[in-house]
Amino acid sequence: MFKKKGSRAIFIKLIIFFLVFNILFFSIRFFNLLPPVKLIQNNSSLPWLFSAIELIFSIISGFIIQSKWSTWNTLIDATHEELSSVRELYILSHHFSKEIRQQIKEKICNYLSLILEESETNKNLSSRSAEVDQAIFQLEETIFSIDYAEHPNIGSMAFDLVRKCMESREKRLQNILHSLPLGVKIFIIFATYSSIFTSLFIGVTSIGYDYLFTSVIALLAYGIYLLIDDLDHPYRPGQWHLSMKGYREVLREINEDKWQG
């Protein structure tokens with residue numbers, strides 16, 4: 001659902017952009033705002049200047065994409081580690097009494113439910129939730145309060161899993177906050193539209209070729225910007241979207257208690 005919604009939003013953005021570009025291109029050509037004859041006369045210098053602009057744009061955008069891709073991979077790893085720790089902790093709780101297992105189950109379900117609720121109110125999960133902090137603290141307190149006299153090894157494993165869950169959550173929260181600074185966002189937007197606008201200054205005798213190449217350049221530049229913007233909002237529906245499906249799946253598994261022997 002989110003994938004389809006994100007694809008539809010990107011497709012609509014591309015259509016709107018392409019319509020605006022067409023209006024700009026044919027308005028310039030119709031009103032002769034950039035006379036092709038003069039542009040062609042400057043073809044010995046303008047293409048080199050345009051190439052320099054495109055080179056700078058490609059270096060900056062490549063660096064940003066690599067950085068955001070690294071953040072994306074770290075977020076995926078942190079999410080998987082968090083869910084894996086919670087699942088393993090509940091499986092481990094089957095070695096305890098039914099009462100303790102029920103307490104752990106309630107705390108884990110509360111923790112996962114609050115994260116899912118938070119994702120509905122805070123789409124980007126960009127701020128720390130006091131309720132979720134309290135939920136993980138209560139889970140930690142429950143694990144610490146168990147008497148491990150009969151199962152000392154299991155106690156050590158339970159402590160490690162809770163610690164791993166908390167560390168993974170902290171890693172996830174820290175990487176969510178690694179969004180592009182405002183200055184960098186403004187710069188990449190400026191670089192994108194500069195690349196598109198300056199492509200109109202390259203003189204081409206055939207208006208068909210001119211339209212073809214400038215429209216391809218415009219779509220590629222705008223597509224790179226959309227990619228960067230999409231990676232900068234990992235929890236927003238899009239092509240690169242970290243959905244809450246994993247949290248819902250683990251919550252369902254624990255509620256159904258499929259590991260019950």
# chains A, B, ... in the order shown; residues from 1 in each chain; ligands from 1

$ closest_atom_pairs --of "segment 80-131 of chain A" --to "segment 238-259 of chain A" --cutoff "9 Å" --atoms "only C-alpha atoms" --output "JSON lines"
{"residue": "A:His80", "atom": "CA", "partner": "A:Gly246", "partner_atom": "CA", "distance": 8.2}
{"residue": "A:Leu83", "atom": "CA", "partner": "A:Tyr247", "partner_atom": "CA", "distance": 6.9}
{"residue": "A:Ser84", "atom": "CA", "partner": "A:Val250", "partner_atom": "CA", "distance": 8.9}
{"residue": "A:Val86", "atom": "CA", "partner": "A:Val250", "partner_atom": "CA", "distance": 8.2}
{"residue": "A:Arg87", "atom": "CA", "partner": "A:Val250", "partner_atom": "CA", "distance": 6.8}
{"residue": "A:Tyr90", "atom": "CA", "partner": "A:Ile254", "partner_atom": "CA", "distance": 7.5}
{"residue": "A:Ile91", "atom": "CA", "partner": "A:Trp259", "partner_atom": "CA", "distance": 6.8}
{"residue": "A:His94", "atom": "CA", "partner": "A:Trp259", "partner_atom": "CA", "distance": 8.4}
{"residue": "A:Lys105", "atom": "CA", "partner": "A:Ile254", "partner_atom": "CA", "distance": 7.2}
{"residue": "A:Ile108", "atom": "CA", "partner": "A:Leu251", "partner_atom": "CA", "distance": 8.2}
{"residue": "A:Cys109", "atom": "CA", "partner": "A:Leu251", "partner_atom": "CA", "distance": 6.1}
{"residue": "A:Leu112", "atom": "CA", "partner": "A:Tyr247", "partner_atom": "CA", "distance": 6.4}
{"residue": "A:Ser113", "atom": "CA", "partner": "A:Leu251", "partner_atom": "CA", "distance": 7.6}
{"residue": "A:Ile115", "atom": "CA", "partner": "A:Tyr247", "partner_atom": "CA", "distance": 8.1}
{"residue": "A:Leu116", "atom": "CA", "partner": "A:Met244", "partner_atom": "CA", "distance": 6.9}
{"residue": "A:Ser119", "atom": "CA", "partner": "A:Met244", "partner_atom": "CA", "distance": 7.7}

$ write_last_selection --atoms "N, CA and C atoms" --output "PDB file, in the first residue's frame"
ATOM      1  N   HIS A  80      16.126  -4.300  12.021  1.00  0.00           N
ATOM      2  CA  HIS A  80      16.143  -5.758  12.059  1.00  0.00           C
ATOM      3  C   HIS A  80      16.714  -6.278  13.383  1.00  0.00           C
ATOM      4  N   LEU A  83      14.027  -5.778  16.169  1.00  0.00           N
ATOM      5  CA  LEU A  83      12.945  -6.765  16.090  1.00  0.00           C
ATOM      6  C   LEU A  83      13.443  -8.166  16.421  1.00  0.00           C
ATOM      7  N   SER A  84      14.651  -8.496  15.978  1.00  0.00           N
ATOM      8  CA  SER A  84      15.224  -9.805  16.273  1.00  0.00           C
ATOM      9  C   SER A  84      15.425  -9.983  17.773  1.00  0.00           C
ATOM     10  N   VAL A  86      13.757  -8.487  20.233  1.00  0.00           N
ATOM     11  CA  VAL A  86      12.447  -8.617  20.882  1.00  0.00           C
ATOM     12  C   VAL A  86      11.886 -10.019  20.692  1.00  0.00           C
ATOM     13  N   ARG A  87      12.005 -10.521  19.468  1.00  0.00           N
ATOM     14  CA  ARG A  87      11.484 -11.861  19.176  1.00  0.00           C
ATOM     15  C   ARG A  87      12.240 -12.928  19.982  1.00  0.00           C
ATOM     16  N   TYR A  90      11.269 -12.902  23.688  1.00  0.00           N
ATOM     17  CA  TYR A  90      10.004 -13.567  24.008  1.00  0.00           C
ATOM     18  C   TYR A  90      10.118 -15.089  23.911  1.00  0.00           C
ATOM     19  N   ILE A  91      10.859 -15.557  22.909  1.00  0.00           N
ATOM     20  CA  ILE A  91      11.076 -17.007  22.803  1.00  0.00           C
ATOM     21  C   ILE A  91      11.800 -17.519  24.050  1.00  0.00           C
ATOM     22  N   HIS A  94       9.897 -18.398  27.430  1.00  0.00           N
ATOM     23  CA  HIS A  94       9.173 -19.662  27.608  1.00  0.00           C
ATOM     24  C   HIS A  94       9.885 -20.601  28.585  1.00  0.00           C
ATOM     25  N   LYS A 105       5.510 -10.750  27.948  1.00  0.00           N
ATOM     26  CA  LYS A 105       4.681 -10.613  26.748  1.00  0.00           C
ATOM     27  C   LYS A 105       3.942  -9.284  26.745  1.00  0.00           C
ATOM     28  N   ILE A 108       6.415  -6.392  26.087  1.00  0.00           N
ATOM     29  CA  ILE A 108       6.869  -6.354  24.698  1.00  0.00           C
ATOM     30  C   ILE A 108       5.755  -5.863  23.776  1.00  0.00           C
ATOM     31  N   CYS A 109       4.549  -6.380  23.967  1.00  0.00           N
ATOM     32  CA  CYS A 109       3.409  -5.961  23.141  1.00  0.00           C
ATOM     33  C   CYS A 109       3.117  -4.477  23.320  1.00  0.00           C
ATOM     34  N   LEU A 112       5.862  -2.551  21.335  1.00  0.00           N
ATOM     35  CA  LEU A 112       5.645  -2.580  19.889  1.00  0.00           C
ATOM     36  C   LEU A 112       4.405  -1.775  19.494  1.00  0.00           C
ATOM     37  N   SER A 113       3.353  -1.860  20.286  1.00  0.00           N
ATOM     38  CA  SER A 113       2.116  -1.131  19.987  1.00  0.00           C
ATOM     39  C   SER A 113       2.340   0.377  20.031  1.00  0.00           C
ATOM     40  N   ILE A 115       5.180   1.940  19.463  1.00  0.00           N
ATOM     41  CA  ILE A 115       5.967   2.328  18.287  1.00  0.00           C
ATOM     42  C   ILE A 115       5.058   2.456  17.068  1.00  0.00           C
ATOM     43  N   LEU A 116       4.121   1.520  16.920  1.00  0.00           N
ATOM     44  CA  LEU A 116       3.189   1.578  15.794  1.00  0.00           C
ATOM     45  C   LEU A 116       2.270   2.789  15.899  1.00  0.00           C
ATOM     46  N   SER A 119       4.187   5.844  14.898  1.00  0.00           N
ATOM     47  CA  SER A 119       4.384   5.952  13.452  1.00  0.00           C
ATOM     48  C   SER A 119       3.174   6.558  12.754  1.00  0.00           C
TER      49      SER A 119
END

$ select_by_dssp --residues "segment 8-199 of chain A" --states "helix (DSSP H, G or I)" --output "ChimeraX atom specification"
/A:8-30,36-41,46-95,98-121,130-144,152-176,182-199

$ residues_around --residues "Glu99 of chain A" --least-positions-apart "6" --cutoff "12 Å" --atoms "only C-alpha atoms" --output "PDB file with C-alpha atoms, in the first residue's frame"
ATOM      1  CA  SER A  93      10.737 -16.211  28.160  1.00  0.00           C
ATOM      2  CA  LYS A 105       4.681 -10.613  26.748  1.00  0.00           C
ATOM      3  CA  GLU A 106       2.599  -7.661  27.973  1.00  0.00           C
ATOM      4  CA  THR A 142      10.711  -6.739  34.377  1.00  0.00           C
ATOM      5  CA  ILE A 146      13.282 -12.006  37.647  1.00  0.00           C
TER       6      ILE A 146
END

$ closest_residue --among "A:Phe21, A:Phe190, A:Trp69, A:Trp48" --to "Ile217 of chain A" --atoms "only C-alpha atoms"
A:Phe21

$ atom_distance --atom1 "atom CA of Thr214 of chain A" --atom2 "atom CA of Ser51 of chain A"
13.4 Å

$ atom_distance --atom1 "atom CA of Ala130 of chain A" --atom2 "atom CA of Asp147 of chain A"
28.4 Å

$ residues_around --residues "Gly203 of chain A" --least-positions-apart "3" --cutoff "7 Å" --atoms "only C-alpha atoms" --output "ChimeraX atom specification"
/A:36,39-40,43

$ write_last_selection --atoms "N, CA, C and O atoms" --output "compact mmCIF listing (two decimals), in the first residue's frame"
# COMPACT_ATOMS: atom_id res chain seq x y z
N PRO A 36 18.02 31.09 -31.02
CA PRO A 36 18.89 29.95 -31.34
C PRO A 36 20.15 30.33 -32.10
O PRO A 36 21.21 29.73 -31.90
N LEU A 39 22.72 31.52 -29.71
CA LEU A 39 23.18 30.40 -28.89
C LEU A 39 24.15 29.53 -29.67
O LEU A 39 25.17 29.08 -29.13
N ILE A 40 23.83 29.28 -30.94
CA ILE A 40 24.69 28.44 -31.78
C ILE A 40 26.05 29.12 -31.99
O ILE A 40 27.09 28.46 -32.03
N ASN A 43 28.44 28.26 -29.24
CA ASN A 43 28.61 26.83 -28.95
C ASN A 43 30.04 26.43 -28.66
O ASN A 43 30.31 25.34 -28.17

$ residues_around --residues "Gln138 of chain A" --least-positions-apart "2" --cutoff "10 Å" --atoms "only C-alpha atoms" --output "VMD selection string"
chain A and resid 104 107 to 108 110 to 111 132 to 136 140 to 144

$ write_last_selection --atoms "C-alpha atoms" --output "PDB file, in the first residue's frame"
ATOM      1  CA  ILE A 104       7.255 -10.120  29.488  1.00  0.00           C
ATOM      2  CA  LYS A 107       5.637  -5.371  28.167  1.00  0.00           C
ATOM      3  CA  ILE A 108       6.869  -6.354  24.698  1.00  0.00           C
ATOM      4  CA  ASN A 110       3.025  -2.576  24.808  1.00  0.00           C
ATOM      5  CA  TYR A 111       6.422  -1.496  23.466  1.00  0.00           C
ATOM      6  CA  VAL A 132       8.090   4.395  24.154  1.00  0.00           C
ATOM      7  CA  ASP A 133      11.016   5.221  26.451  1.00  0.00           C
ATOM      8  CA  GLN A 134       8.847   4.304  29.441  1.00  0.00           C
ATOM      9  CA  ALA A 135       7.744   1.065  27.754  1.00  0.00           C
ATOM     10  CA  ILE A 136      11.312  -0.134  27.121  1.00  0.00           C
ATOM     11  CA  GLU A 140      14.036  -3.741  31.304  1.00  0.00           C
ATOM     12  CA  GLU A 141      12.749  -3.566  34.899  1.00  0.00           C
ATOM     13  CA  THR A 142      10.711  -6.739  34.377  1.00  0.00           C
ATOM     14  CA  ILE A 143      13.762  -8.635  33.128  1.00  0.00           C
ATOM     15  CA  PHE A 144      15.932  -7.359  35.986  1.00  0.00           C
TER      16      PHE A 144
END

$ closest_residue --among "A:Ile65, A:Ile28, A:Val184, A:Ile23" --to "Leu200 of chain A" --atoms "only C-alpha atoms"
A:Ile28

$ atom_distance --atom1 "atom CA of Ser156 of chain A" --atom2 "atom CA of Ile100 of chain A"
16.2 Å

$ residues_around --residues "Leu125 of chain A" --least-positions-apart "6" --cutoff "10 Å" --atoms "only C-alpha atoms" --output "ChimeraX atom specification"
/A:115,118-119,172-173,176-177,233-236

$ closest_residue --among "A:Lys68, A:Thr121, A:His95, A:Phe187" --to "Pro152 of chain A" --atoms "only C-alpha atoms"
A:His95

$ residues_around --residues "Tyr211 of chain A" --least-positions-apart "5" --cutoff "10 Å" --atoms "only C-alpha atoms" --output "list in words"
Asn22, Phe25, Phe26, Leu200, Val204, Ser206, Val216 and Ile217 of chain A

$ write_last_selection --atoms "N, CA and C atoms" --output "PDB file, in the first residue's frame"
ATOM      1  N   ASN A  22       7.767  21.805 -20.040  1.00  0.00           N
ATOM      2  CA  ASN A  22       7.273  21.994 -21.408  1.00  0.00           C
ATOM      3  C   ASN A  22       6.786  23.419 -21.632  1.00  0.00           C
ATOM      4  N   PHE A  25       9.935  25.588 -21.810  1.00  0.00           N
ATOM      5  CA  PHE A  25      10.715  25.366 -23.029  1.00  0.00           C
ATOM      6  C   PHE A  25      10.039  26.013 -24.236  1.00  0.00           C
ATOM      7  N   PHE A  26       8.767  25.720 -24.443  1.00  0.00           N
ATOM      8  CA  PHE A  26       8.091  26.223 -25.642  1.00  0.00           C
ATOM      9  C   PHE A  26       7.787  27.714 -25.534  1.00  0.00           C
ATOM     10  N   LEU A 200      19.121  25.010 -21.320  1.00  0.00           N
ATOM     11  CA  LEU A 200      18.366  25.725 -22.360  1.00  0.00           C
ATOM     12  C   LEU A 200      19.256  26.673 -23.163  1.00  0.00           C
ATOM     13  N   VAL A 204      20.969  24.424 -30.437  1.00  0.00           N
ATOM     14  CA  VAL A 204      20.776  23.270 -31.320  1.00  0.00           C
ATOM     15  C   VAL A 204      19.906  23.729 -32.484  1.00  0.00           C
ATOM     16  N   SER A 206      18.076  22.000 -34.663  1.00  0.00           N
ATOM     17  CA  SER A 206      16.779  21.315 -34.744  1.00  0.00           C
ATOM     18  C   SER A 206      16.047  21.437 -33.411  1.00  0.00           C
ATOM     19  N   VAL A 216      15.454  15.386 -21.490  1.00  0.00           N
ATOM     20  CA  VAL A 216      16.116  14.252 -20.837  1.00  0.00           C
ATOM     21  C   VAL A 216      17.009  14.757 -19.694  1.00  0.00           C
ATOM     22  N   ILE A 217      17.770  15.824 -19.952  1.00  0.00           N
ATOM     23  CA  ILE A 217      18.623  16.404 -18.905  1.00  0.00           C
ATOM     24  C   ILE A 217      17.777  16.865 -17.727  1.00  0.00           C
TER      25      ILE A 217
END

$ closest_residue --among "A:Leu212, A:Ile60, A:Phe137, A:Phe159" --to "Glu88 of chain A" --atoms "only C-alpha atoms"
A:Phe159

$ closest_residue --among "A:Lys98, A:Ile196, A:Ile189, A:Arg169" --to "Leu220 of chain A" --atoms "only C-alpha atoms"
A:Ile196

$ closest_residue --among "A:Val20, A:Gln102, A:Met157, A:Lys164" --to "Ser85 of chain A" --atoms "only C-alpha atoms"
A:Lys164
